[in-house]
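What follows is query26.tsv (TSV, C-alpha atoms).
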chain	number	residue	atom	x	y	z
A	1	MET	CA	0.00	0.00	0.00
A	2	ALA	CA	1.14	3.57	-0.57
A	3	LEU	CA	1.33	5.93	2.36
A	4	LYS	CA	-0.03	9.32	1.35
A	5	LEU	CA	1.67	12.14	3.21
A	6	SER	CA	0.94	15.84	2.97
A	7	SER	CA	3.34	18.75	2.64
A	8	ARG	CA	2.92	19.50	6.32
A	9	VAL	CA	4.62	16.27	7.32
A	10	VAL	CA	8.23	16.90	8.27
A	11	VAL	CA	11.06	14.56	9.16
A	12	VAL	CA	13.95	16.19	11.00
A	13	VAL	CA	17.22	14.51	10.15
A	14	CYS	CA	20.63	15.03	11.68
A	15	ILE	CA	24.02	13.54	10.95
A	16	LEU	CA	26.70	13.90	13.60
A	17	LEU	CA	30.22	12.75	12.84
A	18	ILE	CA	31.74	11.10	15.88
A	19	THR	CA	35.26	9.79	16.36
A	20	TYR	CA	35.96	7.14	18.96
A	21	ASN	CA	38.96	5.55	20.60
A	22	VAL	CA	39.59	2.81	19.23
A	23	LEU	CA	17.04	-16.04	12.83
A	24	ALA	CA	14.58	-15.86	10.80
A	25	ALA	CA	14.04	-19.15	8.98
A	26	ALA	CA	14.40	-18.92	5.20
A	27	GLY	CA	12.04	-20.84	2.95
A	28	LYS	CA	13.31	-23.03	0.13
A	29	ASN	CA	13.22	-21.70	-3.43
A	30	SER	CA	13.08	-24.18	-6.30
A	31	ASN	CA	14.79	-21.74	-8.69
A	32	LEU	CA	17.99	-21.67	-6.62
A	33	SER	CA	20.79	-24.17	-6.78
A	34	ARG	CA	21.52	-25.99	-3.55
A	35	GLU	CA	24.73	-23.99	-3.13
A	36	LYS	CA	23.00	-20.65	-3.76
A	37	GLN	CA	20.15	-21.59	-1.41
A	38	ARG	CA	22.68	-22.34	1.34
A	39	GLU	CA	24.48	-19.06	0.65
A	40	PHE	CA	21.25	-17.05	0.88
A	41	ASP	CA	20.08	-18.92	4.00
A	42	ASN	CA	23.38	-18.21	5.75
A	43	HIS	CA	23.21	-14.53	4.80
A	44	LEU	CA	19.66	-14.20	6.14
A	45	ASN	CA	20.74	-15.80	9.41
A	46	ARG	CA	23.59	-13.28	9.70
A	47	LEU	CA	21.26	-10.33	9.11
A	48	ASN	CA	18.21	-11.52	11.07
A	49	LYS	CA	19.46	-11.83	14.62
A	50	PRO	CA	17.35	-13.82	17.14
A	51	PRO	CA	14.70	-11.37	18.40
A	52	VAL	CA	13.51	-10.75	21.92
A	53	LYS	CA	10.16	-9.79	20.40
A	54	SER	CA	8.71	-9.48	16.90
A	55	ILE	CA	6.08	-7.00	15.67
A	56	GLU	CA	4.07	-7.27	12.45
A	57	SER	CA	3.54	-3.82	10.94
A	58	PRO	CA	0.28	-2.96	9.10
A	59	ASP	CA	2.32	-2.61	5.87
A	60	GLY	CA	3.55	-6.22	6.10
A	61	ASP	CA	7.01	-5.52	7.55
A	62	ILE	CA	8.24	-7.68	10.41
A	63	ILE	CA	10.11	-5.63	13.01
A	64	ASP	CA	12.42	-7.71	15.20
A	65	CYS	CA	13.43	-6.31	18.58
A	66	VAL	CA	17.07	-7.44	18.88
A	67	ASN	CA	19.42	-7.13	21.84
A	68	ILE	CA	21.40	-3.93	21.21
A	69	ALA	CA	24.71	-5.79	21.67
A	70	HIS	CA	23.77	-8.41	19.05
A	71	GLN	CA	23.01	-6.06	16.13
A	72	PRO	CA	24.63	-6.64	12.70
A	73	ALA	CA	27.15	-3.80	13.13
A	74	PHE	CA	29.31	-5.95	15.37
A	75	ASP	CA	29.81	-8.58	12.67
A	76	HIS	CA	32.19	-6.17	10.92
A	77	PRO	CA	35.86	-7.16	11.47
A	78	SER	CA	36.84	-3.65	12.62
A	79	MET	CA	34.04	-3.67	15.22
A	80	LYS	CA	35.00	-6.75	17.22
A	81	ASN	CA	36.32	-4.69	20.15
A	82	HIS	CA	34.02	-1.70	19.70
A	83	LYS	CA	32.21	-0.49	22.79
A	84	ILE	CA	28.79	1.04	22.26
A	85	GLN	CA	28.85	4.81	22.81
A	86	MET	CA	25.46	5.99	24.04
A	87	THR	CA	26.64	9.61	23.84
A	88	PRO	CA	29.18	11.00	21.33
A	89	THR	CA	32.79	11.64	22.33
A	90	TYR	CA	32.59	14.76	20.15
A	91	ASP	CA	29.56	16.58	21.53
A	92	PRO	CA	28.45	19.92	20.02
A	93	GLN	CA	28.18	22.88	22.36
A	94	GLY	CA	24.78	24.48	22.52
A	95	ASP	CA	21.48	23.21	21.18
A	96	PHE	CA	21.28	21.45	17.83
A	97	VAL	CA	17.90	23.10	17.27
A	98	THR	CA	16.64	26.31	15.71
A	99	ASN	CA	14.89	29.25	17.36
A	100	GLU	CA	11.71	28.15	15.57
A	101	GLU	CA	11.85	24.76	17.27
A	102	LYS	CA	12.61	26.30	20.65
A	103	ALA	CA	9.54	28.53	20.32
A	104	LYS	CA	7.35	25.49	19.68
A	105	GLY	CA	8.63	23.73	22.77
A	106	LYS	CA	9.05	19.98	23.00
A	107	SER	CA	9.00	18.19	19.65
A	108	GLU	CA	6.42	15.60	18.71
A	109	PRO	CA	7.26	11.98	19.55
A	110	ILE	CA	8.89	9.87	16.88
A	111	THR	CA	6.32	7.73	15.04
A	112	GLN	CA	6.48	5.01	12.41
A	113	LEU	CA	3.72	2.80	11.06
A	114	TRP	CA	4.77	-0.30	13.00
A	115	HIS	CA	4.21	1.57	16.28
A	116	LEU	CA	0.50	0.92	15.82
A	117	LYS	CA	1.21	-2.72	16.73
A	118	GLY	CA	3.69	-2.29	19.57
A	119	ARG	CA	7.11	-1.07	20.69
A	120	CYS	CA	10.47	-2.65	21.41
A	121	PRO	CA	11.54	-3.08	25.05
A	122	GLU	CA	14.50	-1.37	26.70
A	123	GLY	CA	17.88	-2.83	25.81
A	124	THR	CA	16.79	-3.73	22.26
A	125	ILE	CA	16.70	-2.04	18.86
A	126	PRO	CA	14.10	-2.50	16.09
A	127	ILE	CA	15.37	-4.11	12.89
A	128	ARG	CA	13.24	-4.58	9.78
A	129	ARG	CA	13.46	-8.28	8.97
A	130	THR	CA	15.10	-9.21	5.67
A	131	LYS	CA	13.27	-11.88	3.65
A	132	MET	CA	14.35	-14.32	0.97
A	133	ASP	CA	12.43	-12.30	-1.65
A	134	ASP	CA	14.62	-9.30	-0.82
A	135	LEU	CA	17.75	-11.26	-1.75
A	136	LEU	CA	16.15	-12.78	-4.84
A	137	ARG	CA	15.26	-9.35	-6.23
A	138	ALA	CA	18.88	-8.23	-5.81
A	139	GLY	CA	20.10	-11.33	-7.65
A	140	SER	CA	23.15	-11.75	-5.43
A	141	ILE	CA	24.39	-11.02	-1.94
A	142	GLU	CA	27.01	-8.67	-3.44
A	143	ASN	CA	24.31	-6.47	-5.00
A	144	PHE	CA	21.83	-6.62	-2.13
A	145	GLY	CA	21.08	-3.29	-0.47
A	146	LYS	CA	23.60	-1.29	-2.48
A	147	LYS	CA	23.43	1.84	-4.61
A	148	THR	CA	24.92	1.88	-8.08
A	149	HIS	CA	28.01	3.82	-9.11
A	150	GLY	CA	27.57	7.54	-9.61
A	151	SER	CA	25.25	7.88	-6.63
A	152	ILE	CA	26.70	11.11	-5.31
A	153	PRO	CA	26.21	14.61	-6.74
A	154	GLN	CA	29.59	16.03	-7.73
A	155	SER	CA	28.73	19.66	-7.03
A	156	GLY	CA	31.33	21.14	-4.73
A	157	LEU	CA	33.75	18.27	-5.31
A	158	THR	CA	35.25	18.12	-8.81
A	159	LYS	CA	32.50	19.08	-11.27
A	160	SER	CA	28.94	20.34	-11.20
A	161	VAL	CA	26.11	17.83	-11.26
A	162	ASN	CA	25.26	18.62	-14.89
A	163	GLU	CA	28.82	18.02	-16.11
A	164	VAL	CA	29.21	14.37	-15.12
A	165	ASP	CA	27.73	11.01	-16.09
A	166	ASN	CA	25.95	9.83	-12.95
A	167	ASN	CA	24.68	6.54	-14.46
A	168	GLY	CA	21.09	7.68	-14.51
A	169	HIS	CA	21.18	9.46	-11.14
A	170	GLU	CA	19.86	13.03	-11.25
A	171	TYR	CA	19.99	15.65	-8.50
A	172	SER	CA	18.89	19.00	-7.21
A	173	VAL	CA	21.18	19.92	-4.34
A	174	ALA	CA	22.55	22.70	-2.18
A	175	THR	CA	26.21	22.31	-1.25
A	176	VAL	CA	28.54	23.92	1.26
A	177	ASN	CA	32.29	23.25	1.36
A	178	GLY	CA	35.61	24.88	2.15
A	179	GLU	CA	35.76	23.90	5.83
A	180	LYS	CA	35.71	20.78	7.97
A	181	TYR	CA	32.21	19.70	8.93
A	182	TYR	CA	31.48	17.52	11.92
A	183	GLY	CA	27.73	17.31	11.57
A	184	ALA	CA	24.68	18.59	9.71
A	185	ARG	CA	20.91	18.72	10.04
A	186	GLY	CA	17.80	19.82	8.22
A	187	SER	CA	14.01	19.63	8.42
A	188	ILE	CA	12.71	17.86	5.31
A	189	ASN	CA	9.02	17.77	4.47
A	190	VAL	CA	7.91	14.28	3.54
A	191	TRP	CA	6.10	13.34	0.33
A	192	ASN	CA	5.14	10.19	-1.50
A	193	PRO	CA	6.48	10.81	-5.04
A	194	LYS	CA	5.45	8.65	-7.97
A	195	VAL	CA	8.19	6.29	-9.15
A	196	GLN	CA	7.66	5.00	-12.68
A	197	ASP	CA	9.86	1.89	-12.71
A	198	PRO	CA	10.51	-0.42	-9.72
A	199	SER	CA	14.27	-0.20	-10.30
A	200	GLU	CA	14.17	3.60	-9.93
A	201	PHE	CA	13.87	5.56	-6.69
A	202	SER	CA	13.18	9.06	-5.42
A	203	LEU	CA	14.65	10.49	-2.23
A	204	SER	CA	15.37	13.59	-0.17
A	205	GLN	CA	18.41	13.47	2.07
A	206	ILE	CA	21.56	14.93	3.58
A	207	TRP	CA	25.04	13.82	2.44
A	208	LEU	CA	28.27	14.26	4.42
A	209	VAL	CA	31.16	13.70	2.04
A	210	GLY	CA	34.84	13.02	2.72
A	211	SER	CA	37.78	14.78	1.09
A	212	SER	CA	38.93	12.00	-1.25
A	213	THR	CA	37.72	12.29	-4.85
A	214	THR	CA	39.00	8.85	-5.89
A	215	ASN	CA	37.49	6.71	-3.13
A	216	VAL	CA	34.56	8.84	-2.03
A	217	THR	CA	33.33	8.34	1.55
A	218	THR	CA	29.81	9.43	2.32
A	219	ILE	CA	27.18	8.92	5.00
A	220	GLU	CA	23.58	9.71	4.15
A	221	VAL	CA	20.18	9.95	5.82
A	222	GLY	CA	16.70	10.93	4.63
A	223	TRP	CA	13.52	9.47	3.16
A	224	GLN	CA	12.98	7.53	-0.04
A	225	VAL	CA	10.46	5.68	-2.21
A	226	PHE	CA	12.14	2.62	-3.76
A	227	PRO	CA	9.78	-0.16	-4.95
A	228	GLY	CA	12.64	-2.37	-6.12
A	229	LEU	CA	14.20	-2.47	-2.66
A	230	TYR	CA	11.11	-2.55	-0.43
A	231	LEU	CA	8.50	-4.07	-2.80
A	232	ASP	CA	6.07	-1.20	-2.18
A	233	SER	CA	5.73	2.54	-2.80
A	234	ASN	CA	5.75	3.63	0.84
A	235	THR	CA	7.86	6.57	1.96
A	236	ARG	CA	10.55	5.15	4.22
A	237	LEU	CA	13.34	6.40	6.46
A	238	PHE	CA	16.74	5.26	5.20
A	239	ILE	CA	20.45	5.57	5.84
A	240	TYR	CA	23.41	4.73	3.60
A	241	TRP	CA	27.21	4.67	3.79
A	242	THR	CA	30.18	3.91	1.56
A	243	LYS	CA	33.92	4.49	1.75
A	244	ASP	CA	34.88	3.47	-1.79
A	245	SER	CA	32.55	5.38	-4.14
A	246	TYR	CA	29.73	2.82	-3.88
A	247	ASN	CA	31.88	-0.07	-5.09
A	248	LYS	CA	32.21	-2.85	-2.50
A	249	THR	CA	31.63	-1.19	0.88
A	250	GLY	CA	28.47	0.11	2.49
A	251	CYS	CA	24.76	-0.48	2.12
A	252	TYR	CA	21.29	0.79	2.88
A	253	ASN	CA	19.98	0.67	6.43
A	254	LEU	CA	21.19	-2.38	8.40
A	255	PHE	CA	21.63	-4.62	5.35
A	256	CYS	CA	25.33	-4.95	6.16
A	257	GLU	CA	27.64	-4.43	9.11
A	258	GLY	CA	28.62	-0.88	10.07
A	259	PHE	CA	25.96	1.47	11.45
A	260	VAL	CA	25.54	1.19	15.23
A	261	GLN	CA	21.93	1.75	16.24
A	262	LEU	CA	21.04	3.11	19.68
A	263	ASN	CA	17.39	4.10	19.41
A	264	LYS	CA	14.76	1.53	20.40
A	265	ASP	CA	11.88	3.37	18.72
A	266	ILE	CA	13.06	3.95	15.14
A	267	ALA	CA	13.53	1.19	12.56
A	268	VAL	CA	15.65	2.34	9.63
A	269	GLY	CA	14.00	1.19	6.42
A	270	ALA	CA	10.52	1.29	7.97
A	271	THR	CA	7.54	3.31	6.73
A	272	LEU	CA	7.28	6.88	8.01
A	273	ALA	CA	4.10	7.88	9.83
A	274	PRO	CA	2.95	11.52	10.01
A	275	VAL	CA	5.62	13.20	12.14
A	276	SER	CA	9.18	12.05	12.79
A	277	GLN	CA	12.54	13.26	13.95
A	278	ILE	CA	15.72	11.27	14.03
A	279	GLY	CA	18.44	10.57	16.56
A	280	VAL	CA	19.04	6.93	15.86
A	281	GLY	CA	22.69	5.92	16.06
A	282	TYR	CA	26.14	6.51	14.56
A	283	TRP	CA	28.80	5.38	12.12
A	284	PRO	CA	32.01	4.65	14.09
A	285	GLY	CA	35.15	6.53	13.07
A	286	GLU	CA	37.05	3.31	12.39
A	287	LEU	CA	34.46	2.36	9.77
A	288	VAL	CA	34.73	5.60	7.71
A	289	PRO	CA	38.24	6.95	8.42
A	290	ASP	CA	38.04	9.61	5.70
A	291	LEU	CA	35.32	11.28	7.78
A	292	ALA	CA	36.99	10.79	11.16
A	293	ASP	CA	38.56	14.26	10.96
A	294	GLY	CA	35.51	15.93	9.45
A	295	ALA	CA	33.67	15.99	6.13
A	296	ALA	CA	34.86	18.11	3.21
A	297	SER	CA	31.35	19.04	2.11
A	298	VAL	CA	27.72	18.82	3.13
A	299	GLN	CA	24.86	18.49	0.65
A	300	TRP	CA	21.11	18.77	1.11
A	301	GLY	CA	18.72	17.85	-1.66
A	302	GLY	CA	16.86	15.34	-3.80
A	303	GLU	CA	17.90	12.47	-6.02
A	304	ILE	CA	16.10	10.22	-8.50
A	305	VAL	CA	17.17	7.44	-10.82
A	306	ASN	CA	16.33	7.70	-14.53
A	307	PHE	CA	16.72	4.40	-16.35
A	308	GLU	CA	14.72	5.76	-19.31
A	309	PRO	CA	11.89	3.23	-19.36
A	310	ASN	CA	10.42	2.98	-22.88
A	311	PHE	CA	13.53	4.85	-24.07
A	312	GLN	CA	12.22	8.15	-22.72
A	313	HIS	CA	13.12	10.18	-19.66
A	314	THR	CA	11.40	8.71	-16.61
A	315	THR	CA	8.30	10.28	-15.11
A	316	THR	CA	9.63	9.52	-11.61
A	317	GLN	CA	9.03	12.57	-9.43
A	318	MET	CA	11.53	14.29	-7.17
A	319	GLY	CA	10.17	15.56	-3.86
A	320	SER	CA	6.52	16.51	-4.28
A	321	GLY	CA	6.73	16.54	-8.08
A	322	ARG	CA	6.27	20.34	-8.14
A	323	PHE	CA	8.86	22.95	-9.08
A	324	ALA	CA	10.57	25.05	-6.42
A	325	GLU	CA	9.05	28.29	-7.71
A	326	GLU	CA	5.66	27.11	-6.38
A	327	GLY	CA	7.00	27.65	-2.87
A	328	PRO	CA	7.19	25.58	0.33
A	329	ALA	CA	3.44	24.95	0.49
A	330	LYS	CA	3.60	22.81	-2.66
A	331	ALA	CA	7.25	22.02	-3.37
A	332	SER	CA	9.47	19.75	-1.34
A	333	TYR	CA	11.83	21.69	0.89
A	334	ILE	CA	14.65	21.39	3.41
A	335	ARG	CA	14.86	24.10	6.05
A	336	ASN	CA	16.46	24.66	9.47
A	337	MET	CA	19.76	23.67	7.86
A	338	GLN	CA	22.74	23.68	10.20
A	339	ILE	CA	26.34	22.48	10.18
A	340	ILE	CA	28.95	21.95	12.89
A	341	ASP	CA	32.43	23.23	12.06
A	342	ASP	CA	35.66	23.63	14.06
A	343	SER	CA	33.86	25.94	16.49
A	344	ASN	CA	31.86	22.92	17.71
A	345	ILE	CA	28.72	25.08	17.65
A	346	PRO	CA	25.75	24.41	15.32
A	347	ARG	CA	25.29	27.30	12.87
A	348	LEU	CA	23.72	28.18	9.53
A	349	PRO	CA	25.80	27.16	6.48
A	350	LYS	CA	27.50	29.97	4.55
A	351	ASP	CA	27.90	30.35	0.78
A	352	LEU	CA	25.47	27.61	-0.24
A	353	LYS	CA	25.76	26.65	-3.91
A	354	THR	CA	22.72	25.17	-5.66
A	355	SER	CA	22.77	23.00	-8.76
A	356	THR	CA	20.54	20.60	-10.67
A	357	SER	CA	21.39	17.96	-13.25
A	358	LYS	CA	18.18	18.17	-15.32
A	359	ALA	CA	16.79	21.69	-15.16
A	360	GLY	CA	13.81	20.96	-17.38
A	361	CYS	CA	12.62	18.19	-15.04
A	362	TYR	CA	13.79	19.22	-11.56
A	363	ASP	CA	15.06	22.41	-9.97
A	364	ILE	CA	16.18	23.96	-6.71
A	365	LYS	CA	16.21	27.50	-5.32
A	366	SER	CA	16.79	29.33	-2.07
A	367	PHE	CA	13.88	31.20	-0.55
A	368	GLU	CA	13.32	33.27	2.56
A	369	ILE	CA	10.69	32.44	5.12
A	370	ALA	CA	9.04	34.79	7.60
A	371	ASN	CA	12.01	34.99	9.96
A	372	LYS	CA	14.34	35.78	7.01
A	373	GLU	CA	16.29	32.57	7.60
A	374	LYS	CA	17.20	30.99	4.24
Just give me the structure as structure tokens.
Amino acid sequence: MALKLSSRVVVVVCILLITYNVLAAAGKNSNLSREKQREFDNHLNRLNKPPVKSIESPDGDIIDCVNIAHQPAFDHPSMKNHKIQMTPTYDPQGDFVTNEEKAKGKSEPITQLWHLKGRCPEGTIPIRRTKMDDLLRAGSIENFGKKTHGSIPQSGLTKSVNEVDNNGHEYSVATVNGEKYYGARGSINVWNPKVQDPSEFSLSQIWLVGSSTTNVTTIEVGWQVFPGLYLDSNTRLFIYWTKDSYNKTGCYNLFCEGFVQLNKDIAVGATLAPVSQIGVGYWPGELVPDLADGAASVQWGGEIVNFEPNFQHTTTQMGSGRFAEEGPAKASYIRNMQIIDDSNIPRLPKDLKTSTSKAGCYDIKSFEIANKEK
């Protein structure tokens, strides 16, 4: 089923760079060889840790409440001796909120669709269960849960987004660079854009990007509609990471080892319900060393994939499907944007550069709201 969300729905996302001192049963499939079946079964058992409790979401997802110390992150070789950090070693001074949010008082509680059927107990984290069909759609374990090459807008790095071949990926982004960035945030209104082909997706997110232009490191968070990955057109919270330009490392959500989840109420990859904000977990410094001393750039914006179904440009929408000139009541937006630099104090980004890779289909512009904050 498709979750219809209005322009008033907002998901607040934050990325904070932190440096640290360093079984679900799988059914048989007759189309798989015995060796491939065993390989897929073993991979499902690695991903789907034994739950303390399981919750069936109204959208068909199974949410497993897994002991926080048994989550997939700790299967990564570099994480064998990692100790869970409930608070960051690098902690920003001052509030990571805007004056607008302070005026409203306490934020709304975090909600996702599966909450209608229950919550996970203390000491556990919610993990969306991976099924055999998920692996079959990917075709191989190597391809499962991964973006394709060219999945990062090049604005602010080496070229503008309309000067490079992004393998079908198209963007409208705002970029800030020139300093070291230790965190970023933004309030993104949530939509349910139409995606033409199941292999395409549409998303709004924040990227933190490392300094290397040969092996790009990035960590990402936002919302997306991706029928090929989730087998529906729901709008879902997602995260992503890579440290080699989307080649062999990294994945969506908790589909591989790496991201350490702390929050017991938010399931990455799960359907978003009307109002959400995010403070879920962290990527350890030893996992993404190119970001351990800060990101080289921060990007806020939208991305779609255009695989040219029927040999024409896709009709997949970005954001709300409306152009930026129609304003924040109709167009998708990101506001309350902040970064953390060497001062260790959240502040508004300076010298934002905007760019789009397909101006006739998607665009981006800065606008001023009532309090004159861009």
| field | Which residue of A:Thr217, A:Asn45, A:Thr249, A:Ser172 approaches Ser357 (chain A) most closely, using only C-alpha atoms | value |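 Ranking A:Thr217, A:Asn45, A:Thr249, A:Ser172 by distance to Ser357 (chain A), first place goes to A:Ser172.
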| field | Point (13.3, 8.7, -1.3) neighbourhood (10 Å, all atoms listed in the file) written as a VMD selection string | value | chain A and resid 190 to 193 195 201 to 205 221 to 226 233 to 238 302 to 304 317 to 319
| said: Residues within 12 Å of (23.7, -18.2, 1.1), file coordinates, counting all atoms listed in the file: what are they? Give the list as a list in words. | reply: Ala26, Lys28, Asn29, Leu32, Ser33, Arg34, Glu35, Lys36, Gln37, Arg38, Glu39, Phe40, Asp41, Asn42, His43, Leu44, Asn45, Arg46, Leu47, Met132, Leu135, Leu136, Gly139, Ser140, Ile141 and Glu142 of chain A
| field | Residue among A:Asp265, A:Glu326, A:Val288, A:Tyr333 lying closest to Thr111 (chain A), counting all atoms listed in the file | value |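 When distances to Thr111 (chain A) are compared using all atoms listed in the file, the smallest one comes from A:Asp265.
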| task | Measuring atom to atom with all atoms listed in the file, identify which of A:Ala273, A:Leu262, A:Leu254, A:Val173 is nearest to Thr130 (chain A). | result |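 Ranking A:Ala273, A:Leu262, A:Leu254, A:Val173 by distance to Thr130 (chain A), first place goes to A:Leu254.
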| task | Work out how far apart CA of Tyr362 (chain A) and CA of Met337 (chain A) are and give it in Å to one decimal. | result |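 Between CA of Tyr362 (chain A) and CA of Met337 (chain A) the gap works out to 20.8 Å.
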| said: Show me, as a count of residues only, the residues that have an atom within 8 Å of Ile334 (chain A) when counting all atoms listed in the file, minus same-chain residues fewer than 6 positions from it. | reply: 6
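Between CA of Ser297 (chain A) and CA of Thr214 (chain A) there is a distance of 15.0 Å.
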| request: Identify which of the residues A:Ile206, A:Leu116, A:Ala138, A:Ile266 lies closest to Leu229 (chain A), counting only C-alpha atoms when measuring atom-to-atom distances. | output: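 Looking only at the distances to Leu229 (chain A), the closest residue turns out to be A:Ala138.
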| Leaving out region 65-76 of chain A and any residue of its chain fewer than 5 positions from it, which residues lie within 12 Å of it when counting all atoms listed in the file, given as an NGL selection string? | :A and (23-24 or 43-56 or 81-86 or 114 or 118-129 or 249-251 or 253-267 or 281-284 or 286-287)
Would you mind exporting C-alpha atoms of the selected residues as a JSON list (two decimals), in the coordinates of the input?
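The new file result_5.json reads:
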[["chain", "number", "residue", "atom", "x", "y", "z"],
["A", 23, "LEU", "CA", 17.04, -16.04, 12.83],
["A", 24, "ALA", "CA", 14.58, -15.86, 10.80],
["A", 43, "HIS", "CA", 23.21, -14.53, 4.80],
["A", 44, "LEU", "CA", 19.66, -14.20, 6.14],
["A", 45, "ASN", "CA", 20.74, -15.80, 9.41],
["A", 46, "ARG", "CA", 23.59, -13.28, 9.70],
["A", 47, "LEU", "CA", 21.26, -10.33, 9.11],
["A", 48, "ASN", "CA", 18.21, -11.52, 11.07],
["A", 49, "LYS", "CA", 19.46, -11.83, 14.62],
["A", 50, "PRO", "CA", 17.35, -13.82, 17.14],
["A", 51, "PRO", "CA", 14.70, -11.37, 18.40],
["A", 52, "VAL", "CA", 13.51, -10.75, 21.92],
["A", 53, "LYS", "CA", 10.16, -9.79, 20.40],
["A", 54, "SER", "CA", 8.71, -9.48, 16.90],
["A", 55, "ILE", "CA", 6.08, -7.00, 15.67],
["A", 56, "GLU", "CA", 4.07, -7.27, 12.45],
["A", 81, "ASN", "CA", 36.32, -4.69, 20.15],
["A", 82, "HIS", "CA", 34.02, -1.70, 19.70],
["A", 83, "LYS", "CA", 32.21, -0.49, 22.79],
["A", 84, "ILE", "CA", 28.79, 1.04, 22.26],
["A", 85, "GLN", "CA", 28.85, 4.81, 22.81],
["A", 86, "MET", "CA", 25.46, 5.99, 24.04],
["A", 114, "TRP", "CA", 4.77, -0.30, 13.00],
["A", 118, "GLY", "CA", 3.69, -2.29, 19.57],
["A", 119, "ARG", "CA", 7.11, -1.07, 20.69],
["A", 120, "CYS", "CA", 10.47, -2.65, 21.41],
["A", 121, "PRO", "CA", 11.54, -3.08, 25.05],
["A", 122, "GLU", "CA", 14.50, -1.37, 26.70],
["A", 123, "GLY", "CA", 17.88, -2.83, 25.81],
["A", 124, "THR", "CA", 16.79, -3.73, 22.26],
["A", 125, "ILE", "CA", 16.70, -2.04, 18.86],
["A", 126, "PRO", "CA", 14.10, -2.50, 16.09],
["A", 127, "ILE", "CA", 15.37, -4.11, 12.89],
["A", 128, "ARG", "CA", 13.24, -4.58, 9.78],
["A", 129, "ARG", "CA", 13.46, -8.28, 8.97],
["A", 249, "THR", "CA", 31.63, -1.19, 0.88],
["A", 250, "GLY", "CA", 28.47, 0.11, 2.49],
["A", 251, "CYS", "CA", 24.76, -0.48, 2.12],
["A", 253, "ASN", "CA", 19.98, 0.67, 6.43],
["A", 254, "LEU", "CA", 21.19, -2.38, 8.40],
["A", 255, "PHE", "CA", 21.63, -4.62, 5.35],
["A", 256, "CYS", "CA", 25.33, -4.95, 6.16],
["A", 257, "GLU", "CA", 27.64, -4.43, 9.11],
["A", 258, "GLY", "CA", 28.62, -0.88, 10.07],
["A", 259, "PHE", "CA", 25.96, 1.47, 11.45],
["A", 260, "VAL", "CA", 25.54, 1.19, 15.23],
["A", 261, "GLN", "CA", 21.93, 1.75, 16.24],
["A", 262, "LEU", "CA", 21.04, 3.11, 19.68],
["A", 263, "ASN", "CA", 17.39, 4.10, 19.41],
["A", 264, "LYS", "CA", 14.76, 1.53, 20.40],
["A", 265, "ASP", "CA", 11.88, 3.37, 18.72],
["A", 266, "ILE", "CA", 13.06, 3.95, 15.14],
["A", 267, "ALA", "CA", 13.53, 1.19, 12.56],
["A", 281, "GLY", "CA", 22.69, 5.92, 16.06],
["A", 282, "TYR", "CA", 26.14, 6.51, 14.56],
["A", 283, "TRP", "CA", 28.80, 5.38, 12.12],
["A", 284, "PRO", "CA", 32.01, 4.65, 14.09],
["A", 286, "GLU", "CA", 37.05, 3.31, 12.39],
["A", 287, "LEU", "CA", 34.46, 2.36, 9.77]]
| task | Can you work out which one of A:Arg137, A:Lys358, A:Arg185, A:Arg322 has the shortest atom-to-atom distance to Ile339 (chain A), counting all atoms listed in the file? | result | A:Arg185
| task | Could you tell me which of A:Leu231, A:Pro346, A:Trp241, A:Gly168 comes closest to Leu291 (chain A) if we count only C-alpha atoms? | result | A:Trp241
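For the pair CA of Tyr181 (chain A) and CA of Gly294 (chain A), the interatomic distance is 5.0 Å.
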